[in-house]
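What follows is the content of query_27.cif, which has mmCIF, N, CA, C and O atoms:
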data_start
#
loop_
_atom_site.group_PDB
_atom_site.id
_atom_site.type_symbol
_atom_site.label_atom_id
_atom_site.label_comp_id
_atom_site.auth_asym_id
_atom_site.auth_seq_id
_atom_site.Cartn_x
_atom_site.Cartn_y
_atom_site.Cartn_z
ATOM 1 N N MET A 237 0.850 -1.180 0.000
ATOM 2 C CA MET A 237 0.000 0.000 0.000
ATOM 3 C C MET A 237 0.890 1.236 0.000
ATOM 4 O O MET A 237 1.924 1.280 0.638
ATOM 5 N N THR A 238 0.455 2.257 -0.734
ATOM 6 C CA THR A 238 1.147 3.538 -0.776
ATOM 7 C C THR A 238 0.296 4.565 -0.050
ATOM 8 O O THR A 238 -0.918 4.598 -0.200
ATOM 9 N N GLN A 239 0.955 5.407 0.750
ATOM 10 C CA GLN A 239 0.255 6.442 1.509
ATOM 11 C C GLN A 239 1.066 7.727 1.445
ATOM 12 O O GLN A 239 2.291 7.694 1.581
ATOM 13 N N PHE A 240 0.385 8.853 1.220
ATOM 14 C CA PHE A 240 1.069 10.138 1.224
ATOM 15 C C PHE A 240 0.119 11.236 1.674
ATOM 16 O O PHE A 240 -1.102 11.063 1.669
ATOM 17 N N THR A 241 0.689 12.378 2.088
ATOM 18 C CA THR A 241 -0.078 13.516 2.582
ATOM 19 C C THR A 241 -0.254 14.546 1.478
ATOM 20 O O THR A 241 0.694 14.865 0.759
ATOM 21 N N ILE A 242 -1.471 15.067 1.363
ATOM 22 C CA ILE A 242 -1.802 16.127 0.414
ATOM 23 C C ILE A 242 -2.122 17.379 1.226
ATOM 24 O O ILE A 242 -2.888 17.323 2.187
ATOM 25 N N ILE A 243 -1.549 18.502 0.818
ATOM 26 C CA ILE A 243 -1.770 19.774 1.493
ATOM 27 C C ILE A 243 -2.636 20.662 0.605
ATOM 28 O O ILE A 243 -2.288 20.907 -0.557
ATOM 29 N N ASN A 244 -3.770 21.105 1.138
ATOM 30 C CA ASN A 244 -4.699 21.988 0.424
ATOM 31 C C ASN A 244 -5.096 21.401 -0.932
ATOM 32 O O ASN A 244 -5.583 20.292 -0.980
ATOM 33 N N GLU A 245 -4.886 22.124 -2.025
ATOM 34 C CA GLU A 245 -5.293 21.661 -3.357
ATOM 35 C C GLU A 245 -4.125 21.097 -4.161
ATOM 36 O O GLU A 245 -4.162 21.068 -5.398
ATOM 37 N N GLN A 246 -3.094 20.623 -3.492
ATOM 38 C CA GLN A 246 -1.909 20.068 -4.156
ATOM 39 C C GLN A 246 -2.295 18.913 -5.083
ATOM 40 O O GLN A 246 -2.920 17.951 -4.654
ATOM 41 N N PRO A 247 -1.933 18.978 -6.363
ATOM 42 C CA PRO A 247 -2.228 17.859 -7.276
ATOM 43 C C PRO A 247 -1.445 16.604 -6.881
ATOM 44 O O PRO A 247 -0.349 16.695 -6.308
ATOM 45 N N PHE A 248 -2.016 15.441 -7.180
ATOM 46 C CA PHE A 248 -1.347 14.176 -6.890
ATOM 47 C C PHE A 248 -1.699 13.160 -7.963
ATOM 48 O O PHE A 248 -2.705 13.285 -8.653
ATOM 49 N N GLN A 249 -0.852 12.158 -8.090
ATOM 50 C CA GLN A 249 -1.059 11.100 -9.077
ATOM 51 C C GLN A 249 -1.287 9.786 -8.346
ATOM 52 O O GLN A 249 -0.619 9.499 -7.348
ATOM 53 N N VAL A 250 -2.217 8.982 -8.850
ATOM 54 C CA VAL A 250 -2.522 7.683 -8.252
ATOM 55 C C VAL A 250 -2.186 6.592 -9.265
ATOM 56 O O VAL A 250 -2.695 6.592 -10.378
ATOM 57 N N LEU A 251 -1.316 5.678 -8.839
ATOM 58 C CA LEU A 251 -0.881 4.586 -9.710
ATOM 59 C C LEU A 251 -1.661 3.315 -9.409
ATOM 60 O O LEU A 251 -1.093 2.231 -9.251
ATOM 61 N N ALA A 252 -2.988 3.475 -9.298
ATOM 62 C CA ALA A 252 -3.898 2.359 -9.020
ATOM 63 C C ALA A 252 -5.273 2.706 -9.573
ATOM 64 O O ALA A 252 -5.525 3.848 -9.960
ATOM 65 N N HIS A 253 -6.167 1.714 -9.584
ATOM 66 C CA HIS A 253 -7.530 1.928 -10.096
ATOM 67 C C HIS A 253 -8.510 2.364 -9.008
ATOM 68 O O HIS A 253 -9.678 2.622 -9.303
ATOM 69 N N SER A 254 -8.040 2.431 -7.759
ATOM 70 C CA SER A 254 -8.887 2.907 -6.666
ATOM 71 C C SER A 254 -8.009 3.533 -5.590
ATOM 72 O O SER A 254 -6.823 3.227 -5.484
ATOM 73 N N PHE A 255 -8.616 4.427 -4.802
ATOM 74 C CA PHE A 255 -7.894 5.064 -3.704
ATOM 75 C C PHE A 255 -8.878 5.643 -2.703
ATOM 76 O O PHE A 255 -10.073 5.759 -2.978
ATOM 77 N N GLY A 256 -8.361 5.993 -1.533
ATOM 78 C CA GLY A 256 -9.165 6.615 -0.498
ATOM 79 C C GLY A 256 -8.501 7.892 -0.032
ATOM 80 O O GLY A 256 -7.276 8.025 -0.073
ATOM 81 N N VAL A 257 -9.330 8.846 0.424
ATOM 82 C CA VAL A 257 -8.841 10.118 0.955
ATOM 83 C C VAL A 257 -9.415 10.279 2.349
ATOM 84 O O VAL A 257 -10.623 10.131 2.547
ATOM 85 N N SER A 258 -8.562 10.583 3.320
ATOM 86 C CA SER A 258 -9.013 10.735 4.706
ATOM 87 C C SER A 258 -9.902 11.969 4.862
ATOM 88 O O SER A 258 -10.024 12.796 3.955
ATOM 89 N N ASN A 259 -10.497 12.083 6.042
ATOM 90 C CA ASN A 259 -11.374 13.218 6.350
ATOM 91 C C ASN A 259 -10.642 14.538 6.172
ATOM 92 O O ASN A 259 -9.456 14.643 6.473
ATOM 93 N N SER A 260 -11.376 15.547 5.712
ATOM 94 C CA SER A 260 -10.852 16.895 5.540
ATOM 95 C C SER A 260 -11.684 17.848 6.399
ATOM 96 O O SER A 260 -12.896 17.661 6.529
ATOM 97 N N PRO A 261 -11.054 18.870 6.978
ATOM 98 C CA PRO A 261 -11.828 19.824 7.778
ATOM 99 C C PRO A 261 -12.771 20.691 6.935
ATOM 100 O O PRO A 261 -13.671 21.324 7.470
ATOM 101 N N ALA A 262 -12.580 20.696 5.618
ATOM 102 C CA ALA A 262 -13.444 21.468 4.716
ATOM 103 C C ALA A 262 -13.948 20.546 3.612
ATOM 104 O O ALA A 262 -13.292 19.576 3.256
ATOM 105 N N GLY A 263 -15.098 20.841 3.083
ATOM 106 C CA GLY A 263 -15.581 20.077 1.943
ATOM 107 C C GLY A 263 -14.755 20.412 0.706
ATOM 108 O O GLY A 263 -14.081 21.442 0.651
ATOM 109 N N TYR A 264 -14.786 19.547 -0.274
ATOM 110 C CA TYR A 264 -14.028 19.755 -1.502
ATOM 111 C C TYR A 264 -14.677 18.986 -2.632
ATOM 112 O O TYR A 264 -15.536 18.144 -2.423
ATOM 113 N N THR A 265 -14.246 19.284 -3.853
ATOM 114 C CA THR A 265 -14.683 18.566 -5.036
ATOM 115 C C THR A 265 -13.473 17.897 -5.662
ATOM 116 O O THR A 265 -12.459 18.559 -5.915
ATOM 117 N N LEU A 266 -13.552 16.615 -5.891
ATOM 118 C CA LEU A 266 -12.475 15.884 -6.545
ATOM 119 C C LEU A 266 -12.424 16.290 -8.013
ATOM 120 O O LEU A 266 -13.443 16.321 -8.693
ATOM 121 N N ALA A 267 -11.230 16.609 -8.501
ATOM 122 C CA ALA A 267 -11.024 16.932 -9.920
ATOM 123 C C ALA A 267 -10.011 15.956 -10.485
ATOM 124 O O ALA A 267 -9.098 15.525 -9.784
ATOM 125 N N TYR A 268 -10.163 15.604 -11.754
ATOM 126 C CA TYR A 268 -9.275 14.622 -12.386
ATOM 127 C C TYR A 268 -8.673 15.180 -13.661
ATOM 128 O O TYR A 268 -9.208 16.111 -14.265
ATOM 129 N N SER A 269 -7.524 14.608 -14.065
ATOM 130 C CA SER A 269 -6.819 15.077 -15.246
ATOM 131 C C SER A 269 -5.990 13.952 -15.840
ATOM 132 O O SER A 269 -5.379 13.167 -15.115
ATOM 133 N N ALA A 270 -5.924 13.895 -17.150
ATOM 134 C CA ALA A 270 -5.072 12.923 -17.836
ATOM 135 C C ALA A 270 -3.645 13.445 -17.972
ATOM 136 O O ALA A 270 -2.702 12.665 -18.012
ATOM 137 N N ASP A 271 -3.495 14.787 -18.014
ATOM 138 C CA ASP A 271 -2.176 15.363 -18.257
ATOM 139 C C ASP A 271 -1.584 16.118 -17.072
ATOM 140 O O ASP A 271 -0.458 16.595 -17.141
ATOM 141 N N GLY A 272 -2.319 16.265 -15.980
ATOM 142 C CA GLY A 272 -1.832 16.988 -14.814
ATOM 143 C C GLY A 272 -1.909 18.496 -14.945
ATOM 144 O O GLY A 272 -1.458 19.222 -14.072
ATOM 145 N N ILE A 273 -2.529 18.978 -16.032
ATOM 146 C CA ILE A 273 -2.649 20.422 -16.271
ATOM 147 C C ILE A 273 -4.110 20.846 -16.363
ATOM 148 O O ILE A 273 -4.547 21.779 -15.706
ATOM 149 N N ASN A 274 -4.877 20.141 -17.187
ATOM 150 C CA ASN A 274 -6.286 20.464 -17.426
ATOM 151 C C ASN A 274 -7.165 19.542 -16.595
ATOM 152 O O ASN A 274 -7.198 18.336 -16.844
ATOM 153 N N TYR A 275 -7.869 20.103 -15.611
ATOM 154 C CA TYR A 275 -8.679 19.320 -14.675
ATOM 155 C C TYR A 275 -10.166 19.506 -14.933
ATOM 156 O O TYR A 275 -10.607 20.569 -15.347
ATOM 157 N N THR A 276 -10.929 18.449 -14.654
ATOM 158 C CA THR A 276 -12.385 18.465 -14.729
ATOM 159 C C THR A 276 -12.924 18.043 -13.371
ATOM 160 O O THR A 276 -12.489 17.033 -12.813
ATOM 161 N N ASN A 277 -13.885 18.794 -12.831
ATOM 162 C CA ASN A 277 -14.488 18.450 -11.542
ATOM 163 C C ASN A 277 -15.503 17.332 -11.680
ATOM 164 O O ASN A 277 -16.271 17.308 -12.652
ATOM 165 N N TYR A 278 -15.508 16.414 -10.704
ATOM 166 C CA TYR A 278 -16.630 15.491 -10.584
ATOM 167 C C TYR A 278 -17.842 16.312 -10.161
ATOM 168 O O TYR A 278 -17.701 17.396 -9.607
ATOM 169 N N THR A 279 -19.021 15.812 -10.396
ATOM 170 C CA THR A 279 -20.225 16.586 -10.101
ATOM 171 C C THR A 279 -20.560 16.641 -8.615
ATOM 172 O O THR A 279 -21.157 17.604 -8.173
ATOM 173 N N ASP A 280 -20.204 15.625 -7.849
ATOM 174 C CA ASP A 280 -20.569 15.580 -6.431
ATOM 175 C C ASP A 280 -19.415 16.036 -5.552
ATOM 176 O O ASP A 280 -18.293 15.540 -5.678
ATOM 177 N N ALA A 281 -19.699 16.984 -4.657
ATOM 178 C CA ALA A 281 -18.706 17.443 -3.690
ATOM 179 C C ALA A 281 -18.663 16.467 -2.513
ATOM 180 O O ALA A 281 -19.656 15.808 -2.206
ATOM 181 N N THR A 282 -17.517 16.380 -1.855
ATOM 182 C CA THR A 282 -17.369 15.582 -0.646
ATOM 183 C C THR A 282 -17.519 16.523 0.541
ATOM 184 O O THR A 282 -16.769 17.501 0.651
ATOM 185 N N PRO A 283 -18.476 16.266 1.441
ATOM 186 C CA PRO A 283 -18.674 17.148 2.590
ATOM 187 C C PRO A 283 -17.490 17.099 3.558
ATOM 188 O O PRO A 283 -16.715 16.138 3.570
ATOM 189 N N ALA A 284 -17.379 18.120 4.386
ATOM 190 C CA ALA A 284 -16.346 18.161 5.418
ATOM 191 C C ALA A 284 -16.473 16.940 6.330
ATOM 192 O O ALA A 284 -17.582 16.433 6.559
ATOM 193 N N ASN A 285 -15.350 16.449 6.796
ATOM 194 C CA ASN A 285 -15.271 15.351 7.767
ATOM 195 C C ASN A 285 -15.807 14.021 7.250
ATOM 196 O O ASN A 285 -16.241 13.186 8.043
ATOM 197 N N GLU A 286 -15.777 13.809 5.946
ATOM 198 C CA GLU A 286 -16.161 12.513 5.382
ATOM 199 C C GLU A 286 -15.002 11.919 4.594
ATOM 200 O O GLU A 286 -14.271 12.639 3.919
ATOM 201 N N THR A 287 -14.847 10.608 4.667
ATOM 202 C CA THR A 287 -13.823 9.899 3.911
ATOM 203 C C THR A 287 -14.323 9.671 2.491
ATOM 204 O O THR A 287 -15.481 9.352 2.277
ATOM 205 N N LEU A 288 -13.434 9.851 1.519
ATOM 206 C CA LEU A 288 -13.784 9.644 0.114
ATOM 207 C C LEU A 288 -13.152 8.348 -0.378
ATOM 208 O O LEU A 288 -11.954 8.130 -0.193
ATOM 209 N N ILE A 289 -13.950 7.480 -0.994
ATOM 210 C CA ILE A 289 -13.466 6.255 -1.635
ATOM 211 C C ILE A 289 -13.729 6.397 -3.127
ATOM 212 O O ILE A 289 -14.846 6.701 -3.551
ATOM 213 N N VAL A 290 -12.690 6.190 -3.943
ATOM 214 C CA VAL A 290 -12.794 6.315 -5.392
ATOM 215 C C VAL A 290 -12.426 4.978 -6.013
ATOM 216 O O VAL A 290 -11.356 4.441 -5.736
ATOM 217 N N ASN A 291 -13.300 4.430 -6.851
ATOM 218 C CA ASN A 291 -13.067 3.144 -7.513
ATOM 219 C C ASN A 291 -13.207 3.293 -9.027
ATOM 220 O O ASN A 291 -13.965 4.123 -9.513
ATOM 221 N N GLY A 292 -12.476 2.452 -9.757
ATOM 222 C CA GLY A 292 -12.637 2.367 -11.199
ATOM 223 C C GLY A 292 -12.070 3.538 -11.977
ATOM 224 O O GLY A 292 -12.616 3.906 -13.015
ATOM 225 N N VAL A 293 -10.976 4.117 -11.493
ATOM 226 C CA VAL A 293 -10.353 5.218 -12.225
ATOM 227 C C VAL A 293 -9.153 4.696 -13.021
ATOM 228 O O VAL A 293 -8.579 3.662 -12.691
ATOM 229 N N PRO A 294 -8.777 5.388 -14.095
ATOM 230 C CA PRO A 294 -7.611 4.948 -14.870
ATOM 231 C C PRO A 294 -6.326 5.051 -14.042
ATOM 232 O O PRO A 294 -6.087 6.062 -13.384
ATOM 233 N N LYS A 295 -5.539 4.028 -14.081
ATOM 234 C CA LYS A 295 -4.256 4.011 -13.375
ATOM 235 C C LYS A 295 -3.354 5.094 -13.952
ATOM 236 O O LYS A 295 -3.222 5.219 -15.166
ATOM 237 N N GLY A 296 -2.758 5.905 -13.078
ATOM 238 C CA GLY A 296 -1.849 6.957 -13.501
ATOM 239 C C GLY A 296 -2.484 8.318 -13.694
ATOM 240 O O GLY A 296 -1.788 9.274 -14.027
ATOM 241 N N PHE A 297 -3.796 8.446 -13.497
ATOM 242 C CA PHE A 297 -4.451 9.742 -13.630
ATOM 243 C C PHE A 297 -4.004 10.686 -12.512
ATOM 244 O O PHE A 297 -3.516 10.254 -11.478
ATOM 245 N N TYR A 298 -4.190 11.975 -12.745
ATOM 246 C CA TYR A 298 -3.881 13.007 -11.763
ATOM 247 C C TYR A 298 -5.182 13.480 -11.120
ATOM 248 O O TYR A 298 -6.230 13.512 -11.758
ATOM 249 N N PHE A 299 -5.073 13.907 -9.858
ATOM 250 C CA PHE A 299 -6.233 14.384 -9.118
ATOM 251 C C PHE A 299 -5.851 15.590 -8.279
ATOM 252 O O PHE A 299 -4.673 15.800 -7.983
ATOM 253 N N LYS A 300 -6.856 16.373 -7.888
ATOM 254 C CA LYS A 300 -6.683 17.396 -6.867
ATOM 255 C C LYS A 300 -8.025 17.585 -6.173
ATOM 256 O O LYS A 300 -9.081 17.222 -6.709
ATOM 257 N N LEU A 301 -7.972 18.139 -4.971
ATOM 258 C CA LEU A 301 -9.151 18.328 -4.142
ATOM 259 C C LEU A 301 -9.476 19.812 -4.110
ATOM 260 O O LEU A 301 -8.956 20.563 -3.280
ATOM 261 N N VAL A 302 -10.332 20.250 -5.011
ATOM 262 C CA VAL A 302 -10.662 21.665 -5.154
ATOM 263 C C VAL A 302 -11.476 22.124 -3.942
ATOM 264 O O VAL A 302 -12.521 21.553 -3.636
ATOM 265 N N GLY A 303 -10.963 23.130 -3.242
ATOM 266 C CA GLY A 303 -11.633 23.650 -2.050
ATOM 267 C C GLY A 303 -11.106 23.074 -0.754
ATOM 268 O O GLY A 303 -11.510 23.498 0.324
ATOM 269 N N ASN A 304 -10.194 22.091 -0.831
ATOM 270 C CA ASN A 304 -9.633 21.487 0.378
ATOM 271 C C ASN A 304 -8.738 22.484 1.112
ATOM 272 O O ASN A 304 -7.978 23.217 0.501
ATOM 273 N N THR A 305 -8.869 22.505 2.439
ATOM 274 C CA THR A 305 -7.972 23.284 3.290
ATOM 275 C C THR A 305 -7.414 22.338 4.332
ATOM 276 O O THR A 305 -8.146 21.549 4.924
ATOM 277 N N GLY A 306 -6.118 22.365 4.508
ATOM 278 C CA GLY A 306 -5.487 21.482 5.481
ATOM 279 C C GLY A 306 -4.889 20.260 4.821
ATOM 280 O O GLY A 306 -4.775 20.172 3.594
ATOM 281 N N ASN A 307 -4.508 19.308 5.656
ATOM 282 C CA ASN A 307 -3.841 18.089 5.196
ATOM 283 C C ASN A 307 -4.795 16.904 5.190
ATOM 284 O O ASN A 307 -5.615 16.764 6.100
ATOM 285 N N VAL A 308 -4.667 16.055 4.174
ATOM 286 C CA VAL A 308 -5.391 14.782 4.114
ATOM 287 C C VAL A 308 -4.391 13.686 3.742
ATOM 288 O O VAL A 308 -3.325 13.969 3.200
ATOM 289 N N ILE A 309 -4.758 12.459 4.014
ATOM 290 C CA ILE A 309 -3.945 11.295 3.663
ATOM 291 C C ILE A 309 -4.616 10.567 2.505
ATOM 292 O O ILE A 309 -5.823 10.329 2.535
ATOM 293 N N VAL A 310 -3.830 10.228 1.475
ATOM 294 C CA VAL A 310 -4.309 9.430 0.342
ATOM 295 C C VAL A 310 -3.685 8.045 0.452
ATOM 296 O O VAL A 310 -2.475 7.931 0.682
ATOM 297 N N ASN A 311 -4.494 7.008 0.323
ATOM 298 C CA ASN A 311 -4.034 5.615 0.355
ATOM 299 C C ASN A 311 -4.447 4.909 -0.932
ATOM 300 O O ASN A 311 -5.561 5.090 -1.420
ATOM 301 N N TYR A 312 -3.525 4.113 -1.476
ATOM 302 C CA TYR A 312 -3.886 3.234 -2.593
ATOM 303 C C TYR A 312 -3.018 2.011 -2.588
ATOM 304 O O TYR A 312 -2.023 1.918 -1.922
#

Take the structure in the file and write it out as structure tokens.
Amino acid sequence: MTQFTIINEQPFQVLAHSFGVSNSPAGYTLAYSADGINYTNYTDATPANETLIVNGVPKGFYFKLVGNTGNVIVNY
């Protein structure tokens, strides 16, 4: 298993088809990108203090948590 810390809206790459994000003190919207430059938001926001589980994503895609404040842990 790989685990790392994300600060605020820092972009990150996931080398798996699923991952989890720990609770955040603020709500956020997950955004995804194939190139790490151009991001598209998912339609559903994740509320504050809820864990996010993401399944069935392309391995190697880039992500960021738009609106996130503080640190979260990503596991895959």

Inset, instruction - Find, counting all atoms listed in the file, the residue in A:Ser260, A:Asn285, A:Gln239, A:Ser269 that gets nearest to A:Lys300. - result: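 Smallest distance to A:Lys300 is found for A:Ser269.
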
Inset, instruction - Given the file shown, determine the residues that the PyMOL selection byres ((chain A and resi 303) around 6) selects; report them as a VMD selection string. - result: chain A and resid 245 262 to 265 301 to 302 304 to 305

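Note that the spacing between atom N of A:Ser258 and atom C of A:Lys295 amounts to 18.9 Å.
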
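In this structure, atom O of A:Ile242 sits 22.3 Å away from atom CA of A:Gly292.
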
Inset, instruction - Return as a PyMOL selection string the set of residues that the PyMOL selection byres ((chain A and resi 279-281) around 6) yields on the displayed structure. - result: chain A and resi 264-266+277-278+282-283

Could the residues in this selection be saved with N, CA, C and O atoms as a compact mmCIF listing (two decimals), in the frame of the given file?
# COMPACT_ATOMS: atom_id res chain seq x y z
N TYR A 264 -14.79 19.55 -0.27
CA TYR A 264 -14.03 19.76 -1.50
C TYR A 264 -14.68 18.99 -2.63
O TYR A 264 -15.54 18.14 -2.42
N THR A 265 -14.25 19.28 -3.85
CA THR A 265 -14.68 18.57 -5.04
C THR A 265 -13.47 17.90 -5.66
O THR A 265 -12.46 18.56 -5.92
N LEU A 266 -13.55 16.61 -5.89
CA LEU A 266 -12.48 15.88 -6.54
C LEU A 266 -12.42 16.29 -8.01
O LEU A 266 -13.44 16.32 -8.69
N ASN A 277 -13.88 18.79 -12.83
CA ASN A 277 -14.49 18.45 -11.54
C ASN A 277 -15.50 17.33 -11.68
O ASN A 277 -16.27 17.31 -12.65
N TYR A 278 -15.51 16.41 -10.70
CA TYR A 278 -16.63 15.49 -10.58
C TYR A 278 -17.84 16.31 -10.16
O TYR A 278 -17.70 17.40 -9.61
N THR A 282 -17.52 16.38 -1.86
CA THR A 282 -17.37 15.58 -0.65
C THR A 282 -17.52 16.52 0.54
O THR A 282 -16.77 17.50 0.65
N PRO A 283 -18.48 16.27 1.44
CA PRO A 283 -18.67 17.15 2.59
C PRO A 283 -17.49 17.10 3.56
O PRO A 283 -16.72 16.14 3.57

Legend entry - Distance of atom C of A:Gly256 from atom O of A:Ile273, expressed in Å to one decimal place: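 Between these atoms lies a distance of 21.3 Å.
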
Inset, instruction - Would you please work out which residue, of A:Val257, A:Ala267, A:Phe297, A:Asn274, is nearest to A:Phe240 when using only N, CA, C and O atoms? - result: A:Val257

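Of the residues listed (A:Thr238, A:Asn259, A:Thr287, A:Ser254), A:Asn259 shows the shortest atom-to-atom separation from A:Gly306; distances use only N, CA, C and O atoms.
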
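Among the candidates A:Tyr312, A:Tyr268, A:Pro261, A:Phe299, the residue lying nearest to A:Ala284 is A:Pro261 (atoms considered: only N, CA, C and O atoms).
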
Legend entry - Test item, strand (DSSP E or B) assignment across chain A, answer as a PyMOL selection string: chain A and resi 239-243+248-249+254-257+264-269+276-282+288-291+298-302+307-311

With N, CA, C and O atoms retained, export the selected residues as a short mmCIF file (atom, residue, chain, number, x, y, z; two decimals), in the frame of the given file.
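Heads up, here's the output in selection_21.cif:
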data_model
loop_
_atom_site.label_atom_id
_atom_site.label_comp_id
_atom_site.auth_asym_id
_atom_site.auth_seq_id
_atom_site.Cartn_x
_atom_site.Cartn_y
_atom_site.Cartn_z
N GLN A 239 0.96 5.41 0.75
CA GLN A 239 0.26 6.44 1.51
C GLN A 239 1.07 7.73 1.44
O GLN A 239 2.29 7.69 1.58
N PHE A 240 0.38 8.85 1.22
CA PHE A 240 1.07 10.14 1.22
C PHE A 240 0.12 11.24 1.67
O PHE A 240 -1.10 11.06 1.67
N THR A 241 0.69 12.38 2.09
CA THR A 241 -0.08 13.52 2.58
C THR A 241 -0.25 14.55 1.48
O THR A 241 0.69 14.86 0.76
N ILE A 242 -1.47 15.07 1.36
CA ILE A 242 -1.80 16.13 0.41
C ILE A 242 -2.12 17.38 1.23
O ILE A 242 -2.89 17.32 2.19
N ILE A 243 -1.55 18.50 0.82
CA ILE A 243 -1.77 19.77 1.49
C ILE A 243 -2.64 20.66 0.60
O ILE A 243 -2.29 20.91 -0.56
N PHE A 248 -2.02 15.44 -7.18
CA PHE A 248 -1.35 14.18 -6.89
C PHE A 248 -1.70 13.16 -7.96
O PHE A 248 -2.70 13.28 -8.65
N GLN A 249 -0.85 12.16 -8.09
CA GLN A 249 -1.06 11.10 -9.08
C GLN A 249 -1.29 9.79 -8.35
O GLN A 249 -0.62 9.50 -7.35
N SER A 254 -8.04 2.43 -7.76
CA SER A 254 -8.89 2.91 -6.67
C SER A 254 -8.01 3.53 -5.59
O SER A 254 -6.82 3.23 -5.48
N PHE A 255 -8.62 4.43 -4.80
CA PHE A 255 -7.89 5.06 -3.70
C PHE A 255 -8.88 5.64 -2.70
O PHE A 255 -10.07 5.76 -2.98
N GLY A 256 -8.36 5.99 -1.53
CA GLY A 256 -9.16 6.62 -0.50
C GLY A 256 -8.50 7.89 -0.03
O GLY A 256 -7.28 8.02 -0.07
N VAL A 257 -9.33 8.85 0.42
CA VAL A 257 -8.84 10.12 0.96
C VAL A 257 -9.41 10.28 2.35
O VAL A 257 -10.62 10.13 2.55
N TYR A 264 -14.79 19.55 -0.27
CA TYR A 264 -14.03 19.76 -1.50
C TYR A 264 -14.68 18.99 -2.63
O TYR A 264 -15.54 18.14 -2.42
N THR A 265 -14.25 19.28 -3.85
CA THR A 265 -14.68 18.57 -5.04
C THR A 265 -13.47 17.90 -5.66
O THR A 265 -12.46 18.56 -5.92
N LEU A 266 -13.55 16.61 -5.89
CA LEU A 266 -12.48 15.88 -6.54
C LEU A 266 -12.42 16.29 -8.01
O LEU A 266 -13.44 16.32 -8.69
N ALA A 267 -11.23 16.61 -8.50
CA ALA A 267 -11.02 16.93 -9.92
C ALA A 267 -10.01 15.96 -10.48
O ALA A 267 -9.10 15.52 -9.78
N TYR A 268 -10.16 15.60 -11.75
CA TYR A 268 -9.28 14.62 -12.39
C TYR A 268 -8.67 15.18 -13.66
O TYR A 268 -9.21 16.11 -14.26
N SER A 269 -7.52 14.61 -14.06
CA SER A 269 -6.82 15.08 -15.25
C SER A 269 -5.99 13.95 -15.84
O SER A 269 -5.38 13.17 -15.12
N THR A 276 -10.93 18.45 -14.65
CA THR A 276 -12.38 18.46 -14.73
C THR A 276 -12.92 18.04 -13.37
O THR A 276 -12.49 17.03 -12.81
N ASN A 277 -13.88 18.79 -12.83
CA ASN A 277 -14.49 18.45 -11.54
C ASN A 277 -15.50 17.33 -11.68
O ASN A 277 -16.27 17.31 -12.65
N TYR A 278 -15.51 16.41 -10.70
CA TYR A 278 -16.63 15.49 -10.58
C TYR A 278 -17.84 16.31 -10.16
O TYR A 278 -17.70 17.40 -9.61
N THR A 279 -19.02 15.81 -10.40
CA THR A 279 -20.23 16.59 -10.10
C THR A 279 -20.56 16.64 -8.62
O THR A 279 -21.16 17.60 -8.17
N ASP A 280 -20.20 15.62 -7.85
CA ASP A 280 -20.57 15.58 -6.43
C ASP A 280 -19.42 16.04 -5.55
O ASP A 280 -18.29 15.54 -5.68
N ALA A 281 -19.70 16.98 -4.66
CA ALA A 281 -18.71 17.44 -3.69
C ALA A 281 -18.66 16.47 -2.51
O ALA A 281 -19.66 15.81 -2.21
N THR A 282 -17.52 16.38 -1.86
CA THR A 282 -17.37 15.58 -0.65
C THR A 282 -17.52 16.52 0.54
O THR A 282 -16.77 17.50 0.65
N LEU A 288 -13.43 9.85 1.52
CA LEU A 288 -13.78 9.64 0.11
C LEU A 288 -13.15 8.35 -0.38
O LEU A 288 -11.95 8.13 -0.19
N ILE A 289 -13.95 7.48 -0.99
CA ILE A 289 -13.47 6.26 -1.64
C ILE A 289 -13.73 6.40 -3.13
O ILE A 289 -14.85 6.70 -3.55
N VAL A 290 -12.69 6.19 -3.94
CA VAL A 290 -12.79 6.32 -5.39
C VAL A 290 -12.43 4.98 -6.01
O VAL A 290 -11.36 4.44 -5.74
N ASN A 291 -13.30 4.43 -6.85
CA ASN A 291 -13.07 3.14 -7.51
C ASN A 291 -13.21 3.29 -9.03
O ASN A 291 -13.96 4.12 -9.51
N TYR A 298 -4.19 11.98 -12.74
CA TYR A 298 -3.88 13.01 -11.76
C TYR A 298 -5.18 13.48 -11.12
O TYR A 298 -6.23 13.51 -11.76
N PHE A 299 -5.07 13.91 -9.86
CA PHE A 299 -6.23 14.38 -9.12
C PHE A 299 -5.85 15.59 -8.28
O PHE A 299 -4.67 15.80 -7.98
N LYS A 300 -6.86 16.37 -7.89
CA LYS A 300 -6.68 17.40 -6.87
C LYS A 300 -8.02 17.58 -6.17
O LYS A 300 -9.08 17.22 -6.71
N LEU A 301 -7.97 18.14 -4.97
CA LEU A 301 -9.15 18.33 -4.14
C LEU A 301 -9.48 19.81 -4.11
O LEU A 301 -8.96 20.56 -3.28
N VAL A 302 -10.33 20.25 -5.01
CA VAL A 302 -10.66 21.66 -5.15
C VAL A 302 -11.48 22.12 -3.94
O VAL A 302 -12.52 21.55 -3.64
N ASN A 307 -4.51 19.31 5.66
CA ASN A 307 -3.84 18.09 5.20
C ASN A 307 -4.80 16.90 5.19
O ASN A 307 -5.62 16.76 6.10
N VAL A 308 -4.67 16.06 4.17
CA VAL A 308 -5.39 14.78 4.11
C VAL A 308 -4.39 13.69 3.74
O VAL A 308 -3.32 13.97 3.20
N ILE A 309 -4.76 12.46 4.01
CA ILE A 309 -3.94 11.30 3.66
C ILE A 309 -4.62 10.57 2.50
O ILE A 309 -5.82 10.33 2.54
N VAL A 310 -3.83 10.23 1.48
CA VAL A 310 -4.31 9.43 0.34
C VAL A 310 -3.68 8.04 0.45
O VAL A 310 -2.48 7.93 0.68
N ASN A 311 -4.49 7.01 0.32
CA ASN A 311 -4.03 5.62 0.36
C ASN A 311 -4.45 4.91 -0.93
O ASN A 311 -5.56 5.09 -1.42
#

Legend entry - Proximity to A:Gln249 - best of A:Tyr298, A:Glu286, A:Asn291, A:Met237, only C-alpha atoms: A:Tyr298
